[in-house]
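Scroll down for the structure; my scribbles are underneath it.
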Amino acid sequence: MAKILVIEDDEAIRENVLELLESEGYQVLGAENGREGLKIAQNAIPDLILCDVMMPELTGYAVLTTLQENPALSHIPFIFLTAKGDRLDFRYGMELGADDYLMKPCLPNEILRAVAARLDKKASLNAHYLQELQRQASEDLLTHLPNRTRLRDLFQTLVQNSSTLVAGQEQLIPVLCIGLDRFERINHTLGYDVGDRLLQAAAQRIWETFDPSTSTILARLSDDVFVAILGEHLSRHQVMAQMQTLLEQLSQPFAIEEENLVMTASIGITYYPRDGQDINPLIQNASRALNQAREQGGNKYQFYIPTFYVGSSDRLNLEADLRYALERQELDVHYQPQVSLHTGNVIGAEALIRWQHPERGWISPAKFIPIAEETGLIDAIGKWVLVQACKQGKHWQQFNPNFQVSVNLSPRQLTHIPLRQWLLDTLISMGYIPGTLELELTENALVEQKLEALKILNSLKSIGVKLALDDFGTGYSSLEYLKDFPFDTLKIDRCFIKRIEMNMKQQSLVAAIIKMSHSLDLQVVAEGVETEPEVRFLQAQNCEIIQGYYFSKPLAREEFEAQILNPEKRLPKLLLQKRGKDWDKYIKD
């Protein structure tokens with residue numbers, strides 16, 4: 001049932017319009033002036049607004065202008081009800097963003113037709129954005145190959161349609177990770193445009209090397225790594241012959257912008273179902289074999305050997321050290337500022353764990369967090385990070401009472417501890433306001449046990465904390481989670497933001513994500529923002545918040561307090577004055 005707000009200072013007209021719309025099955029809201037109407041719009045988020053032009057205190061033009069400045073409200077269709085029939089008035093209202101004009105007095109059918117037309121158009125636009133997002137969310141923007149999200153679905157279909165037993169013998173499906181050797185030097189030496197064209201040419205050459213009559217799947221995994229699943233049962237010698245052919249093909253010069261570029265590649269090979277039943281462990285194992293091929297100098301292929309990775313002494317030593325890292329006070333929390341694109345001010349920070357090993361130095365979270373997950377240490381570490389972040393956030397709220405701290409929640413934390421009660425007790429004990437704590441989850445935390453995760457997240461919402469979907473677009477079924485789970489915030493992964501000014505399709509995708517998020521009443525945070533063109537584009541799309549190296553790297557708490565909580569520290573004034581309308585000009589310049 002569509003919700004319609006009518007803002008009209010003439011009580012008789014307002015009541016007549018409300019009665020007419022209610023009789024047609026619409027949910028109606030009424031306001032007798034512009035200020036009251038704005039307040040109702042902010043709280044109720046109507047599907048359409050009918051508004052008088054001439055009202056005391058706040059005119060309809062002022063109401064529309066205020067709505068357009070709010071990303072959560074700017075998408076609402078807006079129809080003027082007016083007795084001012086001058087052509088210049090019409091033109092002025094349409095330039096402000098009005099969708100239609102109705103002249104008073106107007107017939108009931110006129111109102112109903114205008115309302116139906118605007119609601120139909122809104123529904124059509126929402127469907128279009130959803131369809132476009134679904135299409136692009138499953139496709140790599142540069143090569144048009146399937147991305148990791150789509151790869152999972154294709155793999156499951158292939159497995160369902162394939163028999164692993166033929167004549168009583170197990171048949172293995174090869175899964176390959178194909179990495180371009182030293183690809184970064186191309187970007188650094190010749191620029192990203194040349195690098196992108198080389199990736200496109202390499203993807204085409206890889207695809208042409210395989211037999212098109214088979215059900216082979218090719219996808220792009222990351223910047224310089226592709227995944228191929230050979231959709232037929234091949235002997236080891238057949239696979240070796242194909243890999244040799246592929247390496248030879250990729251070592252042939254690529255003609256890019258009058259340059260003959262010579263590349264080599266490395267390949268890691270694993271098998272379904274012997275080395276893994278799902279695509280994730282298979283990719284992980286193939287990546288391990290790829291890294292081993294690269295360590296041998298590249299331009300090689302390497303089969304995954306399970307025994308090579310079991311019981312690695314270095315990993316065991318790291319695991320043992322991690323068990324004592326908390327009590328030895330080797331762990332620390334750094335904070336990356338989150339900045340409002342509307343005010344330029346720091347409004348919060350994401351808490352990020354760091355490990356300063358006494359002998360190894362700084363150890364990447366990408367290296368020790370998986371170990372913590374596998375060993376169960378993540379429970380204690382995750383609790384410790386939450387407590388430290390909330391203590392620090394409460395301290396910083398003396399500078400800004402609304403300062404928000406965001407903390408990552410691991411899949412294990414979500415389901416392996418009585419999270420709600422522990423968190424509630426913790427927040428109460430330190431007097432921390434739940435509404436200024438945001439818990440960030442990736443889709444990996446939700447995909448395995450959706451119903452249980454949904455129940456837990458609803459219980460967390462009940463105590464007032466906020467929830468964010470992190471790394472949007474890199475998981476499995478992002479749209480499903482937006483629809484079903486009680487998120488407040490969507491965080492766009494940095495892979496969509498990187499060099500966005502150079503990729504029109506990437507711009508379209510991010511614009512669609514932001515519009516769809518706002519239509520679902522979700523706040524949008526862009527991660528990994530590093531350049532001014534990225535900031536300008538996000539401003540033009542009404543993205544609310546950014547975080548990334550453009551403003552600041554993650555900082556230790558003392559450094560954060562000294563540098564970031566300074567009233568003078570904000571986005572450059574120039575960016576705030578130019579509110580995105582100069583985006584096209586900026587790109588051309």
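As shown in the structure tokens, the chain order sets the letters A, B, ...; within each chain, residues go from 1, and ligands are also counted from 1 in the order they appear.
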Surrounding residues of Cys106 in chain A excluding itself and chain neighbours under 2 positions, 12 Å, only C-alpha atoms, as a PyMOL selection string: chain A and resi 13+16-17+80-83+101-104+108-114
Assign secondary structure with DSSP using the backbone only, and return the residues of range 324-571 of chain A in alpha helix (DSSP H) as a tab-separated table (two decimals) with C-alpha atoms, in the first residue's frame.
chain	number	residue	atom	x	y	z
A	324	TYR	CA	49.57	-15.46	24.14
A	325	ALA	CA	49.26	-12.19	22.20
A	365	PRO	CA	45.16	-9.18	10.06
A	366	ALA	CA	44.70	-11.08	6.77
A	367	LYS	CA	47.31	-13.52	8.09
A	368	PHE	CA	46.32	-13.96	11.74
A	369	ILE	CA	42.51	-13.50	11.70
A	370	PRO	CA	41.92	-16.76	9.72
A	371	ILE	CA	44.08	-18.57	12.29
A	372	ALA	CA	42.05	-17.02	15.09
A	373	GLU	CA	38.84	-18.15	13.36
A	374	GLU	CA	40.02	-21.72	12.87
A	375	THR	CA	41.34	-22.12	16.42
A	378	ILE	CA	38.50	-15.14	17.66
A	379	ASP	CA	35.93	-15.32	20.48
A	380	ALA	CA	38.28	-13.83	23.07
A	381	ILE	CA	39.97	-11.49	20.59
A	382	GLY	CA	36.63	-10.25	19.23
A	383	LYS	CA	35.29	-9.52	22.72
A	384	TRP	CA	38.47	-7.65	23.59
A	385	VAL	CA	38.24	-5.48	20.45
A	386	LEU	CA	34.59	-4.65	21.16
A	387	VAL	CA	35.37	-3.61	24.73
A	388	GLN	CA	38.39	-1.50	23.70
A	389	ALA	CA	36.46	0.20	20.89
A	390	CYS	CA	33.48	1.04	23.12
A	391	LYS	CA	35.74	2.40	25.88
A	392	GLN	CA	37.55	4.57	23.37
A	393	GLY	CA	34.31	5.65	21.68
A	394	LYS	CA	32.84	6.71	25.02
A	395	HIS	CA	35.95	8.74	25.75
A	396	TRP	CA	35.74	10.49	22.37
A	411	PRO	CA	31.04	-15.38	11.54
A	412	ARG	CA	32.12	-17.37	14.60
A	413	GLN	CA	31.33	-14.51	16.99
A	414	LEU	CA	27.85	-14.25	15.55
A	415	THR	CA	26.91	-17.84	16.40
A	416	HIS	CA	29.37	-19.23	18.97
A	419	LEU	CA	26.31	-12.33	21.91
A	420	ARG	CA	23.21	-10.31	22.76
A	421	GLN	CA	23.31	-10.75	26.52
A	422	TRP	CA	27.08	-10.35	26.75
A	423	LEU	CA	26.98	-7.20	24.64
A	424	LEU	CA	24.04	-5.74	26.59
A	425	ASP	CA	25.79	-6.38	29.92
A	426	THR	CA	29.02	-4.86	28.58
A	427	LEU	CA	27.38	-1.69	27.28
A	428	ILE	CA	25.39	-1.18	30.48
A	429	SER	CA	28.49	-1.68	32.65
A	430	MET	CA	30.41	1.08	30.85
A	444	ASN	CA	30.23	-14.81	4.82
A	445	ALA	CA	28.89	-14.44	8.35
A	446	LEU	CA	25.33	-14.94	7.12
A	447	VAL	CA	25.49	-17.37	4.23
A	450	LYS	CA	20.66	-17.66	7.41
A	451	LEU	CA	17.72	-18.25	9.75
A	452	GLU	CA	19.88	-18.41	12.86
A	453	ALA	CA	21.82	-15.32	11.78
A	454	LEU	CA	18.58	-13.41	11.12
A	455	LYS	CA	17.31	-14.26	14.60
A	456	ILE	CA	20.57	-13.10	16.21
A	457	LEU	CA	20.69	-9.85	14.24
A	458	ASN	CA	17.10	-9.01	15.17
A	459	SER	CA	18.00	-9.62	18.82
A	460	LEU	CA	20.96	-7.22	18.50
A	461	LYS	CA	18.72	-4.60	16.91
A	478	SER	CA	23.91	-9.27	-1.55
A	479	LEU	CA	20.42	-8.26	-2.64
A	480	GLU	CA	18.86	-11.10	-0.65
A	481	TYR	CA	20.53	-9.89	2.53
A	482	LEU	CA	19.47	-6.29	1.96
A	483	LYS	CA	15.89	-7.44	1.61
A	484	ASP	CA	15.72	-9.83	4.55
A	494	ARG	CA	36.73	-0.50	-2.21
A	495	CYS	CA	37.02	-2.60	-5.39
A	496	PHE	CA	34.03	-0.66	-6.76
A	497	ILE	CA	35.49	2.73	-5.78
A	504	MET	CA	31.69	4.46	-16.86
A	505	LYS	CA	30.20	1.04	-16.03
A	506	GLN	CA	31.72	1.17	-12.59
A	507	GLN	CA	30.15	4.61	-12.12
A	508	SER	CA	26.74	3.27	-13.19
A	509	LEU	CA	26.99	0.35	-10.78
A	510	VAL	CA	27.95	2.49	-7.78
A	511	ALA	CA	25.21	5.03	-8.63
A	512	ALA	CA	22.67	2.17	-8.77
A	513	ILE	CA	23.87	0.76	-5.43
A	514	ILE	CA	23.51	4.16	-3.76
A	515	LYS	CA	20.05	4.84	-5.23
A	516	MET	CA	18.81	1.40	-4.26
A	517	SER	CA	20.23	1.76	-0.74
A	518	HIS	CA	18.49	5.07	-0.24
A	519	SER	CA	15.20	3.61	-1.47
A	532	GLU	CA	39.71	13.54	-5.07
A	533	PRO	CA	37.89	12.31	-8.23
A	534	GLU	CA	36.46	9.43	-6.18
A	535	VAL	CA	35.26	11.89	-3.52
A	536	ARG	CA	33.65	14.16	-6.11
A	537	PHE	CA	31.80	11.31	-7.76
A	538	LEU	CA	30.48	10.03	-4.44
A	539	GLN	CA	29.34	13.55	-3.52
A	540	ALA	CA	27.47	13.81	-6.81
A	557	ARG	CA	44.21	5.97	19.48
A	558	GLU	CA	46.65	8.67	20.65
A	559	GLU	CA	47.39	9.76	17.09
A	560	PHE	CA	43.68	9.66	16.20
A	561	GLU	CA	42.83	11.91	19.12
A	562	ALA	CA	45.64	14.37	18.36
A	563	GLN	CA	45.07	14.62	14.61
Residue contacts of range 46-52 of chain A (8 Å, only C-alpha atoms) excluding same-chain residues fewer than 2 positions away, as a list in words: Ala2, Lys3, Ile4, Leu5, Val6, Ile7, Glu8, Asp9, Ala41, Ala44, Met54, Met55, Thr59, Gly60, Ile76, Pro77, Phe78, Ile79, Phe80, Leu81, Thr82, Val115, Arg118 and Leu119 of chain A
Please produce a file of those selected residues containing N, CA, C and O atoms, as an mmCIF file, in the first residue's frame.
data_model
loop_
_atom_site.group_PDB
_atom_site.id
_atom_site.type_symbol
_atom_site.label_atom_id
_atom_site.label_comp_id
_atom_site.auth_asym_id
_atom_site.auth_seq_id
_atom_site.Cartn_x
_atom_site.Cartn_y
_atom_site.Cartn_z
ATOM 1 N N ALA A 2 0.749 2.095 -1.009
ATOM 2 C CA ALA A 2 1.561 3.296 -1.123
ATOM 3 C C ALA A 2 1.172 4.297 -0.043
ATOM 4 O O ALA A 2 0.008 4.455 0.312
ATOM 5 N N LYS A 3 2.183 5.011 0.473
ATOM 6 C CA LYS A 3 1.974 5.998 1.528
ATOM 7 C C LYS A 3 2.134 7.386 0.902
ATOM 8 O O LYS A 3 3.196 7.695 0.325
ATOM 9 N N ILE A 4 1.108 8.240 1.020
ATOM 10 C CA ILE A 4 1.116 9.551 0.370
ATOM 11 C C ILE A 4 0.955 10.646 1.422
ATOM 12 O O ILE A 4 0.072 10.582 2.275
ATOM 13 N N LEU A 5 1.833 11.642 1.338
ATOM 14 C CA LEU A 5 1.788 12.788 2.240
ATOM 15 C C LEU A 5 1.205 13.987 1.494
ATOM 16 O O LEU A 5 1.684 14.335 0.403
ATOM 17 N N VAL A 6 0.202 14.625 2.090
ATOM 18 C CA VAL A 6 -0.419 15.819 1.511
ATOM 19 C C VAL A 6 -0.100 17.006 2.417
ATOM 20 O O VAL A 6 -0.483 17.032 3.597
ATOM 21 N N ILE A 7 0.616 18.008 1.861
ATOM 22 C CA ILE A 7 0.969 19.226 2.604
ATOM 23 C C ILE A 7 0.157 20.375 2.020
ATOM 24 O O ILE A 7 0.402 20.804 0.878
ATOM 25 N N GLU A 8 -0.793 20.871 2.758
ATOM 26 C CA GLU A 8 -1.733 21.891 2.251
ATOM 27 C C GLU A 8 -2.270 22.695 3.432
ATOM 28 O O GLU A 8 -2.782 22.119 4.408
ATOM 29 N N ASP A 9 -2.130 24.048 3.382
ATOM 30 C CA ASP A 9 -2.578 24.860 4.506
ATOM 31 C C ASP A 9 -4.077 25.121 4.500
ATOM 32 O O ASP A 9 -4.654 25.508 5.522
ATOM 33 N N ALA A 41 7.711 13.811 6.705
ATOM 34 C CA ALA A 41 8.453 13.148 5.622
ATOM 35 C C ALA A 41 9.707 12.471 6.157
ATOM 36 O O ALA A 41 10.049 11.348 5.767
ATOM 37 N N ALA A 44 8.362 9.365 8.338
ATOM 38 C CA ALA A 44 7.531 8.334 7.702
ATOM 39 C C ALA A 44 8.051 7.875 6.353
ATOM 40 O O ALA A 44 7.684 6.806 5.862
ATOM 41 N N MET A 54 2.097 28.003 -2.209
ATOM 42 C CA MET A 54 2.063 29.192 -1.359
ATOM 43 C C MET A 54 1.531 28.835 0.013
ATOM 44 O O MET A 54 0.346 28.551 0.180
ATOM 45 N N MET A 55 2.444 28.812 1.007
ATOM 46 C CA MET A 55 2.078 28.539 2.392
ATOM 47 C C MET A 55 2.849 29.492 3.295
ATOM 48 O O MET A 55 3.957 29.932 2.933
ATOM 49 N N THR A 59 7.399 27.907 2.074
ATOM 50 C CA THR A 59 6.678 27.650 0.829
ATOM 51 C C THR A 59 6.932 26.236 0.338
ATOM 52 O O THR A 59 7.849 25.544 0.810
ATOM 53 N N GLY A 60 6.130 25.819 -0.645
ATOM 54 C CA GLY A 60 6.352 24.511 -1.248
ATOM 55 C C GLY A 60 7.711 24.399 -1.900
ATOM 56 O O GLY A 60 8.336 23.337 -1.901
ATOM 57 N N ILE A 76 11.902 10.845 -3.438
ATOM 58 C CA ILE A 76 10.436 10.763 -3.315
ATOM 59 C C ILE A 76 9.781 11.601 -4.414
ATOM 60 O O ILE A 76 10.081 12.795 -4.548
ATOM 61 N N PRO A 77 8.878 11.033 -5.220
ATOM 62 C CA PRO A 77 8.167 11.819 -6.236
ATOM 63 C C PRO A 77 7.410 12.974 -5.573
ATOM 64 O O PRO A 77 6.815 12.813 -4.504
ATOM 65 N N PHE A 78 7.409 14.146 -6.244
ATOM 66 C CA PHE A 78 6.870 15.365 -5.646
ATOM 67 C C PHE A 78 5.954 16.061 -6.652
ATOM 68 O O PHE A 78 6.380 16.377 -7.775
ATOM 69 N N ILE A 79 4.709 16.297 -6.264
ATOM 70 C CA ILE A 79 3.729 16.957 -7.128
ATOM 71 C C ILE A 79 3.260 18.236 -6.447
ATOM 72 O O ILE A 79 2.847 18.210 -5.280
ATOM 73 N N PHE A 80 3.334 19.351 -7.175
ATOM 74 C CA PHE A 80 2.838 20.615 -6.645
ATOM 75 C C PHE A 80 1.329 20.741 -6.867
ATOM 76 O O PHE A 80 0.817 20.413 -7.941
ATOM 77 N N LEU A 81 0.634 21.213 -5.841
ATOM 78 C CA LEU A 81 -0.754 21.657 -5.949
ATOM 79 C C LEU A 81 -0.726 23.173 -5.872
ATOM 80 O O LEU A 81 -0.268 23.733 -4.876
ATOM 81 N N THR A 82 -1.188 23.862 -6.909
ATOM 82 C CA THR A 82 -1.011 25.309 -6.915
ATOM 83 C C THR A 82 -2.091 26.023 -7.723
ATOM 84 O O THR A 82 -2.667 25.465 -8.656
ATOM 85 N N VAL A 115 -1.172 10.861 -9.492
ATOM 86 C CA VAL A 115 -0.599 10.036 -8.438
ATOM 87 C C VAL A 115 -0.216 8.657 -8.981
ATOM 88 O O VAL A 115 0.893 8.157 -8.736
ATOM 89 N N ARG A 118 2.957 8.810 -11.215
ATOM 90 C CA ARG A 118 4.217 8.983 -10.494
ATOM 91 C C ARG A 118 4.602 7.719 -9.723
ATOM 92 O O ARG A 118 5.773 7.341 -9.658
ATOM 93 N N LEU A 119 3.617 7.068 -9.125
ATOM 94 C CA LEU A 119 3.914 5.831 -8.395
ATOM 95 C C LEU A 119 4.355 4.723 -9.343
ATOM 96 O O LEU A 119 5.260 3.937 -9.022
#
Surrounding residues of Ile186 in chain A excluding itself and chain neighbours under 6 positions, 8 Å, only C-alpha atoms, as a VMD selection string: chain A and resid 192 194 to 195
Kindly provide the residues of range 109-209 of chain A that approach range 222-238 of chain A to within 7 Å, each paired with its closest atom pair and their distance in Å to one decimal, based on only C-alpha atoms, listed by chain and increasing number, as a tab-separated table.
residue	atom	partner	partner_atom	distance
A:Gln171	CA	A:His233	CA	6.0
A:Leu172	CA	A:His233	CA	6.0
A:Ile173	CA	A:His233	CA	5.7
A:Pro174	CA	A:Leu230	CA	5.6
A:Val175	CA	A:Ile229	CA	4.6
A:Leu176	CA	A:Ala228	CA	5.0
A:Cys177	CA	A:Val227	CA	4.7
A:Ile178	CA	A:Phe226	CA	5.0
A:Gly179	CA	A:Val225	CA	4.3
A:Leu180	CA	A:Asp224	CA	5.6
A:Phe183	CA	A:Asp224	CA	6.6
Selection above as a file: N, CA and C atoms, as a PDB file, in the first residue's frame:
ATOM      1  N   GLN A 171      35.925 -39.313 -11.075  1.00  0.00           N
ATOM      2  CA  GLN A 171      36.333 -38.381 -12.121  1.00  0.00           C
ATOM      3  C   GLN A 171      36.538 -37.004 -11.495  1.00  0.00           C
ATOM      4  N   LEU A 172      37.679 -36.421 -11.771  1.00  0.00           N
ATOM      5  CA  LEU A 172      38.053 -35.155 -11.135  1.00  0.00           C
ATOM      6  C   LEU A 172      37.885 -33.990 -12.105  1.00  0.00           C
ATOM      7  N   ILE A 173      37.381 -32.864 -11.582  1.00  0.00           N
ATOM      8  CA  ILE A 173      37.207 -31.647 -12.380  1.00  0.00           C
ATOM      9  C   ILE A 173      38.321 -30.675 -12.000  1.00  0.00           C
ATOM     10  N   PRO A 174      39.169 -30.264 -12.951  1.00  0.00           N
ATOM     11  CA  PRO A 174      40.263 -29.330 -12.637  1.00  0.00           C
ATOM     12  C   PRO A 174      39.737 -27.917 -12.390  1.00  0.00           C
ATOM     13  N   VAL A 175      40.272 -27.289 -11.349  1.00  0.00           N
ATOM     14  CA  VAL A 175      39.996 -25.886 -11.030  1.00  0.00           C
ATOM     15  C   VAL A 175      41.336 -25.153 -11.045  1.00  0.00           C
ATOM     16  N   LEU A 176      41.429 -24.096 -11.841  1.00  0.00           N
ATOM     17  CA  LEU A 176      42.696 -23.410 -12.048  1.00  0.00           C
ATOM     18  C   LEU A 176      42.644 -21.979 -11.524  1.00  0.00           C
ATOM     19  N   CYS A 177      43.741 -21.524 -10.913  1.00  0.00           N
ATOM     20  CA  CYS A 177      43.980 -20.110 -10.657  1.00  0.00           C
ATOM     21  C   CYS A 177      45.094 -19.668 -11.588  1.00  0.00           C
ATOM     22  N   ILE A 178      44.797 -18.697 -12.447  1.00  0.00           N
ATOM     23  CA  ILE A 178      45.751 -18.230 -13.459  1.00  0.00           C
ATOM     24  C   ILE A 178      46.142 -16.799 -13.110  1.00  0.00           C
ATOM     25  N   GLY A 179      47.393 -16.605 -12.743  1.00  0.00           N
ATOM     26  CA  GLY A 179      47.860 -15.279 -12.340  1.00  0.00           C
ATOM     27  C   GLY A 179      48.867 -14.721 -13.320  1.00  0.00           C
ATOM     28  N   LEU A 180      48.718 -13.447 -13.679  1.00  0.00           N
ATOM     29  CA  LEU A 180      49.679 -12.780 -14.562  1.00  0.00           C
ATOM     30  C   LEU A 180      50.883 -12.360 -13.730  1.00  0.00           C
ATOM     31  N   PHE A 183      52.318  -8.289 -12.810  1.00  0.00           N
ATOM     32  CA  PHE A 183      51.398  -7.409 -13.538  1.00  0.00           C
ATOM     33  C   PHE A 183      51.454  -5.967 -13.023  1.00  0.00           C
TER      34      PHE A 183
END
Nearby residues (only C-alpha atoms) at most 8 Å from Arg354 in chain A, same-chain spacing under 5 positions excluded, as a VMD selection string: chain A and resid 331 to 334 362 to 365
File of the preceding selection, N, CA, C and O atoms, as a PDB file, in the first residue's frame:
ATOM      1  N   LEU A 331      48.455  -7.014  21.122  1.00  0.00           N
ATOM      2  CA  LEU A 331      47.379  -6.582  20.232  1.00  0.00           C
ATOM      3  C   LEU A 331      47.009  -5.131  20.526  1.00  0.00           C
ATOM      4  O   LEU A 331      47.091  -4.672  21.668  1.00  0.00           O
ATOM      5  N   ASP A 332      46.601  -4.427  19.490  1.00  0.00           N
ATOM      6  CA  ASP A 332      46.190  -3.035  19.636  1.00  0.00           C
ATOM      7  C   ASP A 332      45.023  -2.786  18.688  1.00  0.00           C
ATOM      8  O   ASP A 332      44.781  -3.575  17.758  1.00  0.00           O
ATOM      9  N   VAL A 333      44.295  -1.712  18.922  1.00  0.00           N
ATOM     10  CA  VAL A 333      43.193  -1.325  18.042  1.00  0.00           C
ATOM     11  C   VAL A 333      43.533   0.021  17.421  1.00  0.00           C
ATOM     12  O   VAL A 333      43.845   0.986  18.133  1.00  0.00           O
ATOM     13  N   HIS A 334      43.501   0.077  16.098  1.00  0.00           N
ATOM     14  CA  HIS A 334      43.658   1.333  15.371  1.00  0.00           C
ATOM     15  C   HIS A 334      42.284   1.764  14.860  1.00  0.00           C
ATOM     16  O   HIS A 334      41.360   0.953  14.761  1.00  0.00           O
ATOM     17  N   TRP A 362      54.941  -5.943  12.690  1.00  0.00           N
ATOM     18  CA  TRP A 362      53.505  -5.874  12.422  1.00  0.00           C
ATOM     19  C   TRP A 362      53.090  -7.065  11.556  1.00  0.00           C
ATOM     20  O   TRP A 362      53.675  -7.311  10.500  1.00  0.00           O
ATOM     21  N   ILE A 363      52.063  -7.780  11.992  1.00  0.00           N
ATOM     22  CA  ILE A 363      51.536  -8.924  11.245  1.00  0.00           C
ATOM     23  C   ILE A 363      50.163  -8.548  10.713  1.00  0.00           C
ATOM     24  O   ILE A 363      49.296  -8.071  11.468  1.00  0.00           O
ATOM     25  N   SER A 364      49.944  -8.774   9.442  1.00  0.00           N
ATOM     26  CA  SER A 364      48.689  -8.384   8.793  1.00  0.00           C
ATOM     27  C   SER A 364      47.499  -9.148   9.375  1.00  0.00           C
ATOM     28  O   SER A 364      47.594 -10.366   9.596  1.00  0.00           O
ATOM     29  N   PRO A 365      46.370  -8.466   9.624  1.00  0.00           N
ATOM     30  CA  PRO A 365      45.160  -9.178  10.055  1.00  0.00           C
ATOM     31  C   PRO A 365      44.746 -10.272   9.079  1.00  0.00           C
ATOM     32  O   PRO A 365      44.173 -11.282   9.479  1.00  0.00           O
TER      33      PRO A 365
END
Long-range neighbours of Asp321 in chain A as a VMD selection string, 10 Å cut-off, only C-alpha atoms, 6 positions minimum in chain: chain A and resid 315 328 330 357 to 358
What's the 10 Å shell around range 345-347 of chain A, counting only C-alpha atoms, without same-chain residues fewer than 6 positions away, as a compact mmCIF listing (two decimals) with N, CA, C and O atoms, in the first residue's frame?
# COMPACT_ATOMS: atom_id res chain seq x y z
N PRO A 337 39.11 6.98 10.43
CA PRO A 337 38.00 7.93 10.50
C PRO A 337 36.95 7.68 9.42
O PRO A 337 37.27 7.28 8.28
N GLN A 338 35.70 7.93 9.78
CA GLN A 338 34.59 7.95 8.84
C GLN A 338 34.11 9.39 8.75
O GLN A 338 33.83 10.03 9.78
N VAL A 339 34.03 9.92 7.52
CA VAL A 339 33.83 11.35 7.31
C VAL A 339 32.53 11.60 6.57
O VAL A 339 32.24 10.95 5.56
N ASN A 400 32.43 14.76 20.80
CA ASN A 400 31.26 14.70 19.92
C ASN A 400 30.31 13.66 20.49
O ASN A 400 30.57 12.47 20.40
N PRO A 401 29.19 14.09 21.11
CA PRO A 401 28.27 13.14 21.77
C PRO A 401 27.72 12.07 20.84
O PRO A 401 27.31 11.00 21.30
N ASN A 402 27.72 12.33 19.52
CA ASN A 402 27.17 11.37 18.56
C ASN A 402 28.25 10.53 17.89
O ASN A 402 27.97 9.83 16.91
N PHE A 403 29.48 10.61 18.38
CA PHE A 403 30.58 9.88 17.76
C PHE A 403 30.27 8.37 17.76
O PHE A 403 29.93 7.79 18.79
N GLN A 404 30.40 7.75 16.58
CA GLN A 404 30.03 6.33 16.42
C GLN A 404 31.27 5.48 16.16
O GLN A 404 32.16 5.87 15.40
N VAL A 405 31.31 4.32 16.79
CA VAL A 405 32.39 3.37 16.57
C VAL A 405 31.82 2.14 15.86
O VAL A 405 30.78 1.61 16.25
N ILE A 545 28.83 8.95 3.56
CA ILE A 545 30.05 8.83 4.38
C ILE A 545 31.15 8.16 3.55
O ILE A 545 30.88 7.26 2.75
N ILE A 546 32.38 8.58 3.78
CA ILE A 546 33.54 7.92 3.17
C ILE A 546 34.54 7.55 4.25
O ILE A 546 34.58 8.15 5.32
N GLN A 547 35.35 6.54 3.95
CA GLN A 547 36.54 6.27 4.76
C GLN A 547 37.62 5.76 3.81
O GLN A 547 37.33 5.08 2.83
N PHE A 551 41.43 10.66 3.27
CA PHE A 551 41.34 11.47 4.48
C PHE A 551 42.36 11.03 5.52
O PHE A 551 43.08 11.85 6.06
N ILE A 564 42.78 13.81 14.49
CA ILE A 564 41.45 13.76 13.87
C ILE A 564 40.41 14.52 14.68
O ILE A 564 39.52 15.15 14.10
N LEU A 565 40.50 14.46 15.99
CA LEU A 565 39.48 15.12 16.81
C LEU A 565 39.79 16.61 17.00
O LEU A 565 39.36 17.23 17.95
N ASN A 566 40.52 17.15 16.09
CA ASN A 566 40.80 18.58 16.03
C ASN A 566 39.70 19.24 15.21
O ASN A 566 39.41 18.81 14.10
N PRO A 567 39.05 20.30 15.73
CA PRO A 567 37.95 20.94 14.98
C PRO A 567 38.35 21.41 13.59
O PRO A 567 37.51 21.56 12.71
N GLU A 568 39.66 21.64 13.38
CA GLU A 568 40.12 22.11 12.08
C GLU A 568 40.25 20.97 11.06
O GLU A 568 40.37 21.21 9.87
N LYS A 569 40.24 19.72 11.55
CA LYS A 569 40.47 18.57 10.65
C LYS A 569 39.16 18.18 10.01
O LYS A 569 38.24 17.69 10.66
N ARG A 570 39.03 18.43 8.71
CA ARG A 570 37.82 18.09 7.97
C ARG A 570 38.17 18.00 6.50
O ARG A 570 39.30 18.29 6.10
N LEU A 571 37.22 17.58 5.68
CA LEU A 571 37.47 17.55 4.23
C LEU A 571 37.80 18.95 3.73
O LEU A 571 37.30 19.94 4.28
Strand (DSSP E) residues, from DSSP on the backbone, in range 206-435 of chain A, as an MDAnalysis selection string: chainID A and resid 217:222 225:229 254:256 259:261 265:272 301:303 331:340 346:357 361:363 404:408
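Note that the spacing between CA of Lys39 in chain A and CA of Ala72 in chain A amounts to 13.1 Å.
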Separation of CA of Glu259 in chain A from CA of Thr189 in chain A, in Å and rounded to one decimal: 12.7 Å
Counting only C-alpha atoms, the residue of A:Glu258, A:Glu184, A:Glu22, A:Asp493 that sits nearest Phe472 in chain A: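 Looking only at the distances to Phe472 in chain A, the closest residue turns out to be A:Asp493.
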